[in-house]
Structures are given as structure tokens and as C-alpha cells.
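Note: the block below is upload.csv and it holds CSV, C-alpha atoms.
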chain,number,residue,atom,x,y,z
I,30,MET,CA,9.4,2.0,20.2
I,31,ILE,CA,10.3,5.1,22.2
I,32,PRO,CA,10.1,3.8,25.7
I,33,HIS,CA,9.0,6.9,27.6
I,34,LEU,CA,6.3,7.8,25.0
I,35,ARG,CA,5.1,4.3,24.9
I,36,GLN,CA,4.8,4.1,28.7
I,37,ARG,CA,3.0,7.4,28.9
I,38,PHE,CA,0.6,6.4,26.1
I,39,ASN,CA,-0.2,3.0,27.7
I,40,ALA,CA,-0.7,4.5,31.2
I,41,ALA,CA,-3.2,7.1,29.9
I,42,PHE,CA,-5.1,4.7,27.7
I,43,THR,CA,-8.7,3.9,28.4
I,44,PRO,CA,-11.4,2.0,26.5
I,45,GLU,CA,-13.5,5.2,26.5
I,46,LYS,CA,-10.8,7.1,24.7
I,47,TYR,CA,-10.5,4.3,22.1
I,48,GLN,CA,-14.2,4.3,21.5
I,49,ALA,CA,-14.3,8.0,21.0
I,50,PHE,CA,-11.4,7.7,18.6
I,51,LEU,CA,-13.3,4.9,16.7
I,52,ASP,CA,-16.4,7.1,16.6
I,53,THR,CA,-14.4,9.7,14.7
I,54,ILE,CA,-13.0,7.2,12.2
I,55,ASN,CA,-16.4,5.6,11.7
I,56,THR,CA,-18.4,8.8,11.0
I,57,GLU,CA,-16.0,11.1,9.2
I,58,PHE,CA,-16.4,9.6,5.7
I,59,GLY,CA,-20.0,8.3,6.2
I,60,GLU,CA,-19.3,4.6,6.9
I,61,PRO,CA,-17.4,2.7,9.5
I,62,ALA,CA,-14.0,1.1,8.7
I,63,THR,CA,-14.6,-2.6,7.8
I,64,PHE,CA,-11.2,-3.6,9.2
I,65,ARG,CA,-9.8,-3.5,12.7
I,66,VAL,CA,-8.2,-0.2,13.7
I,67,SER,CA,-5.5,-0.4,16.3
I,68,GLU,CA,-5.8,1.2,19.7
I,69,THR,CA,-2.4,2.9,19.3
I,70,PRO,CA,-0.2,4.7,16.8
I,71,VAL,CA,3.5,3.7,16.7
I,72,PHE,CA,6.2,6.2,17.8
I,73,ILE,CA,9.2,5.8,15.5
I,74,PRO,CA,12.7,6.8,16.9
I,75,LYS,CA,14.9,9.0,14.8
I,76,TYR,CA,17.5,6.3,14.2
I,77,LEU,CA,14.9,3.9,12.8
I,78,LYS,CA,13.4,6.8,10.7
I,79,ASN,CA,16.8,7.4,9.2
I,80,LYS,CA,17.1,3.8,8.2
I,81,LEU,CA,13.6,3.8,6.6
I,82,LEU,CA,14.5,7.0,4.7
I,83,GLN,CA,17.7,5.4,3.4
I,84,GLY,CA,15.8,2.3,2.4
I,85,VAL,CA,13.3,4.5,0.5
I,86,GLU,CA,16.2,6.2,-1.3
I,87,ASP,CA,17.9,2.9,-2.2
I,88,ILE,CA,14.7,1.5,-3.7
I,89,SER,CA,13.9,4.7,-5.6
I,90,ALA,CA,17.4,4.8,-7.1
I,91,VAL,CA,16.6,1.6,-8.9
I,92,LEU,CA,13.1,2.7,-10.0
I,93,THR,CA,14.5,5.9,-11.5
I,94,ARG,CA,17.2,4.1,-13.5
I,95,PRO,CA,17.0,4.8,-17.3
I,96,ASP,CA,16.7,1.1,-18.0
I,97,PHE,CA,14.0,0.3,-15.4
I,98,ARG,CA,11.2,0.0,-18.0
I,99,GLN,CA,13.4,-2.3,-20.0
I,100,ILE,CA,14.2,-4.7,-17.2
I,101,SER,CA,10.5,-4.7,-16.0
I,102,GLU,CA,9.0,-5.5,-19.4
I,103,SER,CA,8.6,-9.2,-18.6
I,104,ALA,CA,6.6,-8.3,-15.4
I,105,ILE,CA,3.5,-7.4,-17.4
I,106,PRO,CA,1.4,-10.4,-18.4
I,107,PRO,CA,0.9,-10.0,-22.2
I,108,HIS,CA,-2.8,-10.4,-22.0
I,109,LEU,CA,-3.1,-7.6,-19.4
I,110,ARG,CA,-0.9,-4.9,-21.1
I,111,VAL,CA,-2.8,-1.6,-21.2
I,112,PRO,CA,-1.9,1.1,-23.9
I,113,ASN,CA,-0.9,4.7,-23.2
I,114,GLU,CA,1.5,3.9,-20.4
I,115,ASP,CA,3.0,6.8,-18.4
I,116,GLU,CA,6.8,7.3,-18.3
I,117,HIS,CA,6.8,6.3,-14.6
I,118,ALA,CA,4.5,5.3,-11.8
I,119,ILE,CA,2.5,7.9,-9.9
I,120,PHE,CA,1.8,6.0,-6.7
I,121,LEU,CA,4.4,3.8,-5.0
I,122,GLN,CA,4.3,1.8,-1.7
I,123,TYR,CA,7.3,0.3,0.0
I,124,ASP,CA,6.4,-2.2,2.8
I,125,PHE,CA,9.0,-2.7,5.5
I,126,GLY,CA,8.9,-5.3,8.4
I,127,ILE,CA,10.5,-4.1,11.6
I,128,CYS,CA,13.2,-6.5,12.7
I,129,ARG,CA,16.4,-6.6,14.7
I,130,ASP,CA,19.9,-6.4,13.1
I,131,ALA,CA,23.0,-8.3,14.3
I,132,LYS,CA,23.6,-5.6,16.9
I,133,GLY,CA,20.2,-5.9,18.4
I,134,ASP,CA,19.0,-2.6,17.0
I,135,LEU,CA,15.6,-2.2,15.2
I,136,THR,CA,16.0,-2.2,11.5
I,137,PRO,CA,13.5,-2.2,8.5
I,138,GLN,CA,13.5,-5.0,5.9
I,139,LEU,CA,11.6,-4.6,2.7
I,140,ILE,CA,8.8,-7.2,2.3
I,141,GLU,CA,7.0,-6.0,-0.8
I,142,LEU,CA,6.6,-2.9,-3.0
I,143,GLN,CA,3.8,-1.7,-5.3
I,144,GLY,CA,3.3,0.7,-8.1
I,145,PHE,CA,-0.3,1.3,-7.1
I,146,PRO,CA,-2.3,3.6,-4.9
I,147,SER,CA,-2.9,3.0,-1.2
I,148,LEU,CA,-5.1,4.5,1.5
I,149,TYR,CA,-3.9,8.1,1.1
I,150,PHE,CA,-7.1,9.7,2.4
I,151,TYR,CA,-7.9,7.2,5.2
I,152,GLN,CA,-4.4,7.6,6.6
I,153,HIS,CA,-4.8,11.3,6.6
I,154,LEU,CA,-8.0,10.9,8.7
I,155,LEU,CA,-6.4,8.2,11.0
I,156,ALA,CA,-3.4,10.4,11.9
I,157,GLN,CA,-5.7,13.4,12.7
I,158,ALA,CA,-8.0,11.2,14.8
I,159,TYR,CA,-5.1,9.9,16.9
I,160,ARG,CA,-4.0,13.4,17.5
I,161,ARG,CA,-7.5,14.5,18.4
I,162,HIS,CA,-8.1,11.8,21.0
I,163,TYR,CA,-4.6,11.0,22.4
I,164,ASP,CA,-1.6,12.9,23.6
I,165,ILE,CA,0.7,12.9,20.6
I,166,PRO,CA,3.9,15.0,20.7
I,167,ALA,CA,3.3,18.1,18.6
I,168,ASP,CA,6.7,17.9,16.9
I,169,PHE,CA,6.3,14.3,15.8
I,170,HIS,CA,5.2,13.9,12.2
I,171,HIS,CA,3.4,11.4,10.0
I,172,LEU,CA,3.9,13.4,6.7
I,173,PHE,CA,7.2,13.9,4.9
I,174,SER,CA,9.0,16.0,2.4
I,175,GLY,CA,8.1,19.2,4.2
I,176,ILE,CA,4.4,18.8,3.5
I,177,ASP,CA,1.8,19.9,6.0
I,178,ARG,CA,-1.8,18.6,6.2
I,179,GLU,CA,-3.2,21.2,3.9
I,180,GLY,CA,-0.4,20.9,1.4
I,181,TYR,CA,-0.8,17.1,1.4
I,182,LEU,CA,-4.5,17.4,0.3
I,183,GLU,CA,-3.6,20.0,-2.3
I,184,LEU,CA,-0.9,17.8,-3.8
I,185,LEU,CA,-3.3,14.8,-4.0
I,186,HIS,CA,-5.9,17.1,-5.7
I,187,ASP,CA,-3.3,18.3,-8.2
I,188,ILE,CA,-2.2,14.8,-9.1
I,189,ILE,CA,-5.6,13.1,-9.2
I,190,ILE,CA,-7.9,15.8,-10.4
I,191,GLY,CA,-5.4,18.1,-12.2
I,192,GLU,CA,-7.1,20.8,-14.2
I,193,GLU,CA,-10.3,18.8,-14.8
I,194,LYS,CA,-13.7,19.3,-13.2
I,195,PRO,CA,-14.1,16.7,-10.4
I,196,GLU,CA,-17.2,15.2,-12.1
I,197,ASN,CA,-15.0,14.3,-15.1
I,198,VAL,CA,-12.6,12.3,-12.9
I,199,ILE,CA,-13.5,8.8,-11.6
I,200,LEU,CA,-12.2,6.5,-9.0
I,201,LEU,CA,-12.5,3.1,-10.7
I,202,GLU,CA,-13.1,-0.2,-8.8
I,203,VAL,CA,-14.9,-3.4,-9.0
I,204,GLU,CA,-18.1,-3.0,-6.9
I,205,PRO,CA,-16.4,-0.4,-4.7
I,206,GLU,CA,-19.2,-0.5,-2.1
I,207,LYS,CA,-18.1,-4.1,-1.3
I,208,GLN,CA,-14.3,-3.5,-1.1
I,209,ASN,CA,-12.7,-3.8,2.3
I,210,THR,CA,-10.8,-0.6,1.7
I,211,ARG,CA,-13.8,1.4,0.7
I,212,ILE,CA,-13.5,3.9,3.5
I,213,ASP,CA,-10.6,5.4,1.6
I,214,PHE,CA,-12.8,5.7,-1.5
I,215,TRP,CA,-15.3,7.7,0.4
I,216,GLY,CA,-12.6,9.9,1.8
I,217,THR,CA,-11.2,10.4,-1.7
I,218,ARG,CA,-14.7,11.5,-2.8
I,219,LYS,CA,-15.1,13.8,0.2
I,220,TYR,CA,-11.9,15.6,-0.3
I,221,LEU,CA,-11.7,15.7,-4.1
I,222,GLY,CA,-15.3,15.5,-5.2
I,223,LEU,CA,-14.7,12.9,-7.9
I,224,LYS,CA,-17.1,10.0,-8.8
I,225,VAL,CA,-16.6,6.6,-7.3
I,226,LEU,CA,-17.7,4.0,-9.9
I,227,CYS,CA,-17.7,0.3,-10.6
I,228,LEU,CA,-16.4,-0.8,-14.0
I,229,SER,CA,-19.8,-2.1,-14.8
I,230,LYS,CA,-21.1,1.5,-14.8
I,231,ILE,CA,-18.7,2.8,-17.4
I,232,LYS,CA,-20.3,3.4,-20.8
I,233,LYS,CA,-18.2,3.5,-24.0
I,234,GLU,CA,-18.9,5.0,-27.4
I,235,GLY,CA,-16.1,4.7,-29.9
I,236,ARG,CA,-13.0,5.8,-27.8
I,237,ASP,CA,-15.0,8.0,-25.5
I,238,LEU,CA,-15.9,6.9,-21.9
I,239,TYR,CA,-18.8,8.3,-19.9
I,240,TYR,CA,-21.2,7.5,-17.1
I,241,LEU,CA,-24.8,8.4,-16.3
I,242,ASP,CA,-25.3,10.6,-13.2
I,243,GLU,CA,-28.3,10.6,-10.9
I,244,GLU,CA,-30.3,12.6,-13.3
I,245,ASP,CA,-29.5,10.2,-16.2
I,246,ARG,CA,-27.2,12.9,-17.6
I,247,ARG,CA,-24.3,11.7,-19.8
I,248,VAL,CA,-21.0,12.8,-18.1
I,249,PRO,CA,-17.7,12.4,-20.0
I,250,ILE,CA,-14.8,10.7,-18.2
I,251,HIS,CA,-11.4,12.4,-18.8
I,252,ARG,CA,-9.3,11.0,-16.0
I,253,ILE,CA,-9.3,7.6,-14.3
I,254,TYR,CA,-7.9,7.1,-10.8
I,255,ASN,CA,-7.5,3.3,-11.0
I,256,ARG,CA,-8.0,1.1,-8.0
I,257,ILE,CA,-8.8,-2.1,-9.8
I,258,ILE,CA,-6.4,-5.1,-9.2
I,259,PHE,CA,-6.4,-7.3,-12.4
I,260,ASP,CA,-6.1,-10.4,-10.2
I,261,GLU,CA,-9.6,-9.6,-8.8
I,262,LEU,CA,-11.0,-8.5,-12.1
I,263,GLU,CA,-10.1,-11.7,-13.9
I,264,LYS,CA,-12.1,-13.7,-11.3
I,265,ARG,CA,-15.2,-11.6,-12.1
I,266,ALA,CA,-16.4,-13.0,-15.4
I,267,ASP,CA,-19.9,-12.3,-14.1
I,268,LEU,CA,-19.3,-8.6,-14.1
I,269,PRO,CA,-21.1,-6.9,-17.0
I,270,ARG,CA,-18.9,-4.3,-18.8
I,271,GLU,CA,-18.8,-2.3,-22.0
I,272,TRP,CA,-15.1,-1.6,-21.7
I,273,ASP,CA,-12.4,-4.2,-21.0
I,274,MET,CA,-9.8,-1.7,-19.7
I,275,LEU,CA,-7.4,-3.0,-22.3
I,276,SER,CA,-8.5,-1.0,-25.4
I,277,GLU,CA,-7.3,2.6,-26.1
I,278,VAL,CA,-9.7,5.3,-25.0
I,279,ASN,CA,-9.8,9.1,-24.8
I,280,ALA,CA,-9.1,9.3,-21.0
I,281,GLU,CA,-5.9,9.7,-19.0
I,282,TRP,CA,-4.9,7.2,-16.4
I,283,VAL,CA,-3.9,8.5,-13.0
I,284,GLY,CA,-2.0,5.5,-11.9
I,285,HIS,CA,-1.5,3.4,-15.1
I,286,PRO,CA,-2.4,-0.3,-14.6
I,287,ASN,CA,0.9,-1.5,-16.1
I,288,TRP,CA,2.9,-0.1,-13.1
I,289,PHE,CA,1.1,-2.5,-10.8
I,290,PHE,CA,3.1,-5.2,-12.5
I,291,ARG,CA,6.3,-3.4,-13.2
I,292,ILE,CA,6.8,-2.3,-9.6
I,293,SER,CA,6.0,-5.5,-7.7
I,294,LYS,CA,7.7,-8.6,-6.4
I,295,HIS,CA,9.3,-8.7,-9.9
I,296,THR,CA,11.4,-5.7,-8.8
I,297,LEU,CA,12.8,-7.3,-5.6
I,298,PRO,CA,15.7,-9.2,-7.2
I,299,TYR,CA,17.1,-6.0,-8.6
I,300,LEU,CA,17.2,-4.2,-5.3
I,301,LYS,CA,20.5,-4.2,-3.3
I,302,SER,CA,20.4,-2.5,0.0
I,303,ASP,CA,21.0,-3.2,3.7
I,304,PHE,CA,17.2,-2.8,4.1
I,305,VAL,CA,16.2,-5.3,1.3
I,306,PRO,CA,16.5,-9.0,2.0
I,307,GLU,CA,18.2,-11.1,-0.7
I,308,THR,CA,15.7,-12.1,-3.4
I,309,LEU,CA,16.2,-14.5,-6.3
I,310,PHE,CA,14.1,-15.4,-9.3
I,311,LEU,CA,13.3,-19.1,-9.0
I,312,GLN,CA,14.1,-19.7,-12.6
I,313,ASP,CA,17.7,-18.5,-12.1
I,314,LEU,CA,18.3,-21.1,-9.4
I,315,LYS,CA,20.6,-24.0,-10.3
I,316,SER,CA,19.8,-25.7,-7.0
I,317,ALA,CA,17.7,-24.9,-4.0
I,318,PRO,CA,19.6,-23.1,-1.1
I,319,ALA,CA,21.0,-25.4,1.5
I,320,ASP,CA,19.3,-23.3,4.2
I,321,LEU,CA,15.8,-23.4,2.6
I,322,GLU,CA,14.2,-22.9,6.0
I,323,ASN,CA,15.4,-19.3,5.9
I,324,TRP,CA,13.6,-18.5,2.6
I,325,VAL,CA,10.0,-17.6,1.6
I,326,LEU,CA,8.5,-18.7,-1.7
I,327,LYS,CA,6.3,-16.1,-3.3
I,328,PRO,CA,4.3,-16.0,-6.6
I,329,LEU,CA,5.0,-12.9,-8.6
I,330,PHE,CA,1.4,-12.4,-9.4
I,331,SER,CA,-0.7,-12.5,-6.3
I,332,PHE,CA,-2.4,-10.1,-3.9
I,333,SER,CA,-2.7,-9.9,-0.1
I,334,GLY,CA,-0.3,-12.7,0.5
I,335,GLN,CA,-2.1,-15.4,-1.5
I,336,GLY,CA,0.1,-18.3,-2.5
I,337,VAL,CA,3.0,-17.4,-0.2
I,338,LYS,CA,4.9,-20.4,1.3
I,339,VAL,CA,6.6,-19.4,4.6
I,340,ASN,CA,7.9,-22.8,5.5
I,341,VAL,CA,9.3,-23.9,2.2
I,342,THR,CA,10.4,-27.4,1.3
I,343,ARG,CA,12.2,-28.8,-1.7
I,344,GLU,CA,9.0,-30.5,-2.7
I,345,ASP,CA,7.3,-27.0,-2.8
I,346,ILE,CA,10.0,-25.8,-5.2
I,347,GLU,CA,9.9,-28.9,-7.4
I,348,ALA,CA,6.1,-28.7,-7.6
I,349,VAL,CA,6.2,-25.2,-9.2
I,350,ASP,CA,5.1,-25.5,-12.8
I,351,ASN,CA,6.3,-22.1,-14.0
I,352,PRO,CA,9.5,-21.0,-12.1
I,353,SER,CA,9.5,-17.7,-14.0
I,354,ASN,CA,6.5,-16.7,-12.0
I,355,PHE,CA,8.1,-17.2,-8.6
I,356,ILE,CA,10.7,-15.7,-6.4
I,357,LEU,CA,12.6,-16.9,-3.3
I,358,GLN,CA,13.1,-14.2,-0.7
I,359,ARG,CA,15.3,-14.5,2.4
I,360,LYS,CA,13.1,-14.8,5.4
I,361,VAL,CA,13.1,-11.9,7.9
I,362,GLN,CA,12.0,-12.2,11.5
I,363,TYR,CA,9.6,-9.5,12.6
I,364,ILE,CA,10.3,-8.3,16.2
I,365,ALA,CA,7.4,-7.6,18.6
I,366,ALA,CA,8.7,-4.2,19.5
I,367,VAL,CA,5.5,-2.3,20.5
I,368,GLU,CA,4.5,-2.8,24.1
I,369,THR,CA,0.8,-3.0,24.7
I,370,VAL,CA,-1.4,-2.7,27.8
I,371,ILE,CA,-2.0,-6.5,27.5
I,372,PRO,CA,0.8,-8.1,29.6
I,373,ASN,CA,3.4,-10.1,27.7
I,374,GLU,CA,1.7,-9.4,24.4
I,375,PRO,CA,3.8,-6.9,22.4
I,376,ALA,CA,2.9,-6.3,18.8
I,377,LYS,CA,4.9,-6.6,15.6
I,378,CYS,CA,4.5,-4.0,12.9
I,379,GLU,CA,4.9,-3.4,9.2
I,380,ILE,CA,5.5,0.1,7.9
I,381,ARG,CA,4.4,1.2,4.5
I,382,MET,CA,6.2,4.2,3.2
I,383,MET,CA,3.8,5.9,0.8
I,384,LEU,CA,5.2,7.9,-2.1
I,385,LEU,CA,3.9,10.1,-5.0
I,386,TRP,CA,5.7,10.8,-8.3
I,387,LYS,CA,4.1,13.7,-10.0
I,388,LYS,CA,4.8,14.3,-13.6
I,389,GLY,CA,7.8,16.6,-14.0
I,390,TRP,CA,9.5,15.4,-10.8
I,391,ASP,CA,12.8,13.7,-11.4
I,392,LYS,CA,12.0,11.1,-8.7
I,393,PRO,CA,9.2,10.1,-6.3
I,394,ARG,CA,8.7,11.8,-3.0
I,395,LEU,CA,7.8,10.3,0.3
I,396,VAL,CA,4.5,11.8,1.7
I,397,ASN,CA,2.8,9.6,4.2
I,398,ASN,CA,2.9,6.2,6.0
I,399,LEU,CA,0.7,3.3,6.9
I,400,ILE,CA,1.2,0.7,9.6
I,401,ARG,CA,-0.2,-2.7,10.2
I,402,MET,CA,0.2,-4.2,13.6
I,403,SER,CA,0.1,-7.9,14.3
I,404,LYS,CA,0.4,-10.4,17.1
I,405,GLY,CA,0.1,-13.4,14.8
I,406,GLU,CA,2.6,-15.4,12.7
I,407,MET,CA,2.0,-13.0,9.8
I,408,VAL,CA,0.4,-9.6,9.2
I,409,GLY,CA,-3.2,-10.0,8.2
I,410,VAL,CA,-6.7,-10.3,9.6
I,411,ARG,CA,-6.8,-14.1,9.6
I,412,TYR,CA,-3.7,-14.3,11.8
I,413,ASN,CA,-5.1,-11.8,14.4
I,414,MET,CA,-8.6,-12.9,15.0
I,415,GLY,CA,-9.8,-12.1,18.5
I,416,LYS,CA,-6.6,-10.1,19.3
I,417,GLU,CA,-6.4,-6.4,20.5
I,418,TRP,CA,-3.9,-3.7,19.8
I,419,VAL,CA,-3.5,-5.0,16.3
I,420,GLY,CA,-4.7,-3.8,12.9
I,421,SER,CA,-4.6,-0.5,11.1
I,422,SER,CA,-2.3,2.2,12.5
I,423,VAL,CA,0.0,5.1,11.6
I,424,GLY,CA,3.5,6.1,12.6
I,425,PHE,CA,4.5,9.3,14.2
I,426,PHE,CA,8.2,10.0,13.6
I,427,GLU,CA,10.7,11.6,15.9
I,428,PRO,CA,11.9,14.9,14.3
Translate this structure into C-alpha cells?
Amino acid sequence: MIPHLRQRFNAAFTPEKYQAFLDTINTEFGEPATFRVSETPVFIPKYLKNKLLQGVEDISAVLTRPDFRQISESAIPPHLRVPNEDEHAIFLQYDFGICRDAKGDLTPQLIELQGFPSLYFYQHLLAQAYRRHYDIPADFHHLFSGIDREGYLELLHDIIIGEEKPENVILLEVEPEKQNTRIDFWGTRKYLGLKVLCLSKIKKEGRDLYYLDEEDRRVPIHRIYNRIIFDELEKRADLPREWDMLSEVNAEWVGHPNWFFRISKHTLPYLKSDFVPETLFLQDLKSAPADLENWVLKPLFSFSGQGVKVNVTREDIEAVDNPSNFILQRKVQYIAAVETVIPNEPAKCEIRMMLLWKKGWDKPRLVNNLIRMSKGEMVGVRYNMGKEWVGSSVGFFEP
């Protein structure tokens, strides 16, 4: 996106450099990434960075409102409400598509947001690997809020481990060894020393949770870094478990499950910003918009784009059984702004601004970023099969 940097990067690129870069990614945490890693990072110009920062501020201003918990109550499915909820989310992700505004300038538009962890440790590795193998300007940054690389890891340790012993803190998933994002789990384990566990391995006695280590020793669980998506868990009736995640236990959540629902598509209609496309609850519509071709229909409770209708028809809207579980969001047009070495095939990108909200802070703080590059109709593996210069990336921001 910064022409002279992009031209310099592309001119110096070789397949050998890319393979050496991949070798670093694929060996650092003990297992290769299971998703495609892009050949290039993205260079973010200062004017676009400032828009992204303003978008982050606009969104966070709503999430820190005193009445936010009240307005987000209906977002939590009653049968999935978990006790002992924190006062606010700890992990937040704001996903912006990069588009053009009326003047032709690049501008971010919010696509989704999540009150849930992301790939904090993998992105740390990814940025360092790009710097190691490519010529990245030293003054460009991928971290925010005045945090350096060491301070970033210290902050994550403070938030996730706290004052506990690492063995008493677990990263909780459903069959973590099979998850597509598992490289981040192994990175979390490497840097923090916690235990990565499947829900099926959790033992329960009264309100106490524990697991059995390699020596069959009973190890108490005091903190739970939750990576389970209830959408996935509900499909796994075959998974044996002693604990249903819904009963009260003597362990502290690090990333309470309720915030996955509270900060989600349900939040979009409450956000008013130049960097958030207009979003409406379907149940509030008296009639479908006349320009329906400019809207996207999304279910409130879905994951990884499942159930999204990009080319919406009136029949689609009329076929919705429960309008309270759907939103209409004004469609945005991603711009293919990243030139690649493949002629006439620039890439689109979606930038995730990754935040942390430590207990005691008055608001969340931006700490890192994640980029997904695409040459398909949408961002996602199935839209980019067989393509190059797409996939997982990170942004380096002009100071």
C-alpha cells in the first residue's frame, strides 16, 4: 500500500526467501502452520493507520459505555450462559476490510468484531519471521500502545497466567491437536508454560477442576484461558466430558465465554462511525431496503462466515424463521490494493486489530494486528484455493 516499499519488496522477492521464511514459521513452535501463510506482509501508510486507530476508538467507546452489558444481555443464548462473568471482556478483535472511500482513498470498514482471543502468539512469531527473512523498515511497527516485543509477552503472561503457577493454568479447547489454529496454542504453551487441554481431559470433583499429568498426578486448575467456541462444542455430542462448562466452579475464566456473544455481530447495530457500515437488526425492519443488492444478511450466531448471504434476495429475508437472530449489514467493496509479483493479480486484505483489556484498565488497549489476504470473492481458504500471495499475514505500520 506504500508504493516504494511494495516495489522494493516485490523486486527483491525470491521463492528461496519465502521457503526460508516458511521454515522458521513451521519449526519454531514444533509443528507447521496448517493454513496458508502469505509471501508478504502489508505496509500500512500513516493516513490509513490513523483511520484504523480512529475506528478502534469509536468501537471501544461503545463497549465501555456503562449500559453496554444491559444492551448486550439478549446476545447470550439462555442455554449457554456461564456464571461468574467478568465486568468486561479481556480479549477483543475488530476486523476491518480495506476499501476505497468516495474520494478514492483507502479506508477501513468494520466487518465483524469478537470478544474472544485470537492468534496473539502466532502473530508475534509471524512478524519476527518477516523481519528476519525480508527487508522490513526498522521504524515500521506491528505492535501498538508503546509496547515492544518483550513487553508484549510480559503483558500476555500477566493477563493469562497472572500470579498462578503455569501448571495450574490451562488453555481449553475441543481436541486442540485437530484445530486449524493450533500453531497458536503451541506458541502459547512455549511462551507461557501452561497446559493445553481438551475439555474431555478435565476432571471435576464438586466445584474443583483438575487434570492428570504425564505421571498421573492430580493437578488443580485455577485459571482457564478459554478457546472453545460454543458453536463447535454443541456439535460434539460425542465428546466425553465431566464438566459442561456451564456450572459454577472454583476456577477463574481468562476470557469469559459470555463475552463471545456480547461482543459479536449483535454489537454492530449499536456502532456509529465513519468506519462501520450501517447495520440493522432484521427484526426491526418494517420492509426490506429498496437497494437490497447493497446489503449482506448475516446470522448473529455463526462462526467463520457460515450462513452469510452476500447476494441477498427478498426471498432470503422472507425465509428467515427467526429474524431476531439475523442482521442486515450494508455491503462494502474490498479493494485489491496490495500489488503482488503475479501480473494483474493484486490482493485484497482484511486487518484485525487485536486488543487486550486487563482488569483495572478503564478501556481496552490495542496491542497487535492480524491480516488475511485474499484474491477471491471473500476472505477464506475456500475462495483462494490454488492462489499465491494470499493467506495469513501481518501489517507493518508507518510511524
Polymer residues at most 7 Å from (14.4, -23.7, 4.3) by only C-alpha atoms, as a tab-separated table (two decimals) with C-alpha atoms, keeping the file's coordinate frame:
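Writing done, so here's point-v5.tsv:
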chain	number	residue	atom	x	y	z
I	320	ASP	CA	19.30	-23.30	4.20
I	321	LEU	CA	15.80	-23.40	2.60
I	322	GLU	CA	14.20	-22.90	6.00
I	323	ASN	CA	15.40	-19.30	5.90
I	324	TRP	CA	13.60	-18.50	2.60
I	340	ASN	CA	7.90	-22.80	5.50
I	341	VAL	CA	9.30	-23.90	2.20
I	342	THR	CA	10.40	-27.40	1.30
* To do: Compile the contact shell of region 97-103 of chain I as an MDAnalysis selection string: residues with an atom at most 9 Å away, counting all atoms listed in the file, same-chain residues fewer than 4 positions apart removed.
  => chainID I and resid 91:93 107 116:117 290:292 295:296
* Asked: What does the distance between CA of Arg160 (chain I) and CA of Ala40 (chain I) come to in Å, to one decimal place?
  ->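 Between CA of Arg160 (chain I) and CA of Ala40 (chain I) the gap works out to 16.7 Å.
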* To do: Determine the nearest neighbour of Ala104 (chain I) from the options I:Arg247, I:Lys294, I:Arg359, I:Lys388, counting only C-alpha atoms.
  =>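 Selected residue with least distance to Ala104 (chain I): I:Lys294.
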* To do: Between CA of Val339 (chain I) and CA of Lys301 (chain I), measure the distance and give it in Å to one decimal.
  =>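 Going from CA of Val339 (chain I) over to CA of Lys301 (chain I), I get 22.1 Å.
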Give one line per residue of region 118-230 of chain I that approaches region 65-80 of chain I to at most 12 Å, naming the two atoms of the closest pair and their distance in Å to one decimal, counting only C-alpha atoms; sort by chain then ascending residue number and deliver it as a Markdown table.
| residue | atom | partner | partner_atom | distance |
| --- | --- | --- | --- | --- |
| I:Phe125 | CA | I:Lys80 | CA | 10.7 |
| I:Gly126 | CA | I:Leu77 | CA | 11.8 |
| I:Ile127 | CA | I:Leu77 | CA | 9.2 |
| I:Cys128 | CA | I:Leu77 | CA | 10.5 |
| I:Arg129 | CA | I:Leu77 | CA | 10.8 |
| I:Asp130 | CA | I:Leu77 | CA | 11.5 |
| I:Asp134 | CA | I:Leu77 | CA | 8.8 |
| I:Leu135 | CA | I:Leu77 | CA | 6.6 |
| I:Thr136 | CA | I:Leu77 | CA | 6.3 |
| I:Pro137 | CA | I:Lys80 | CA | 7.0 |
| I:Gln138 | CA | I:Lys80 | CA | 9.8 |
| I:Leu139 | CA | I:Lys80 | CA | 11.4 |
| I:Tyr151 | CA | I:Val66 | CA | 11.3 |
| I:Gln152 | CA | I:Val66 | CA | 11.2 |
| I:Leu155 | CA | I:Val66 | CA | 9.0 |
| I:Ala156 | CA | I:Pro70 | CA | 8.2 |
| I:Gln157 | CA | I:Pro70 | CA | 11.1 |
| I:Ala158 | CA | I:Pro70 | CA | 10.3 |
| I:Tyr159 | CA | I:Pro70 | CA | 7.1 |
| I:Arg160 | CA | I:Pro70 | CA | 9.5 |
| I:His162 | CA | I:Thr69 | CA | 10.7 |
| I:Tyr163 | CA | I:Thr69 | CA | 8.9 |
| I:Asp164 | CA | I:Pro70 | CA | 10.7 |
| I:Ile165 | CA | I:Pro70 | CA | 9.1 |
| I:Pro166 | CA | I:Phe72 | CA | 9.5 |
| I:Asp168 | CA | I:Phe72 | CA | 11.7 |
| I:Phe169 | CA | I:Phe72 | CA | 8.3 |
| I:His170 | CA | I:Phe72 | CA | 9.6 |
| I:His171 | CA | I:Ile73 | CA | 9.8 |
| I:Phe173 | CA | I:Lys78 | CA | 11.1 |
| I:Asn209 | CA | I:Arg65 | CA | 10.8 |
| I:Thr210 | CA | I:Arg65 | CA | 11.4 |
* CA of Ile199 (chain I) to CA of Arg211 (chain I), distance in Å rounded to a single decimal -> 14.4 Å
* To do: Compare I:Ile119, I:Ala167, I:Leu82, I:Ile250 by their minimum atom-to-atom distance to Pro286 (chain I), counting all atoms listed in the file, and give me the closest one.
  => I:Ile119
* Asked: So, counting all atoms listed in the file, which residue among I:Ala118, I:Leu154, I:Val278, I:Leu51 is closest to His251 (chain I)?
  ->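 Closest to His251 (chain I) of all the choices is I:Val278.
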* To do: Quick one: everything within 8 Å of Asn413 (chain I), counting all atoms listed in the file, minus sequence neighbours fewer than 5 positions away in the same chain. Send it as an MDAnalysis selection string.
  => chainID I and resid 403:405 408 419
Using the atoms already present, construct N, CA and C atoms for region 292-301 of chain I and hand them back as a compact mmCIF listing (two decimals), keeping the file's coordinate frame.
# COMPACT_ATOMS: atom_id res chain seq x y z
N ILE I 292 6.26 -2.49 -10.93
CA ILE I 292 6.80 -2.30 -9.60
C ILE I 292 6.05 -3.23 -8.65
N SER I 293 6.68 -4.36 -8.38
CA SER I 293 6.00 -5.50 -7.70
C SER I 293 7.09 -6.41 -7.19
N LYS I 294 6.69 -7.63 -6.86
CA LYS I 294 7.70 -8.60 -6.40
C LYS I 294 8.74 -8.84 -7.54
N HIS I 295 8.35 -8.60 -8.78
CA HIS I 295 9.30 -8.70 -9.90
C HIS I 295 10.50 -7.83 -9.72
N THR I 296 10.34 -6.72 -9.01
CA THR I 296 11.40 -5.70 -8.80
C THR I 296 12.41 -6.18 -7.76
N LEU I 297 11.98 -7.00 -6.81
CA LEU I 297 12.80 -7.30 -5.60
C LEU I 297 14.20 -7.82 -5.95
N PRO I 298 14.38 -8.73 -6.90
CA PRO I 298 15.70 -9.20 -7.20
C PRO I 298 16.72 -8.15 -7.64
N TYR I 299 16.22 -7.04 -8.13
CA TYR I 299 17.10 -6.00 -8.60
C TYR I 299 17.54 -5.00 -7.54
N LEU I 300 16.96 -5.13 -6.36
CA LEU I 300 17.20 -4.20 -5.30
C LEU I 300 18.38 -4.67 -4.41
N LYS I 301 19.39 -3.84 -4.20
CA LYS I 301 20.50 -4.20 -3.30
C LYS I 301 20.64 -3.09 -2.28
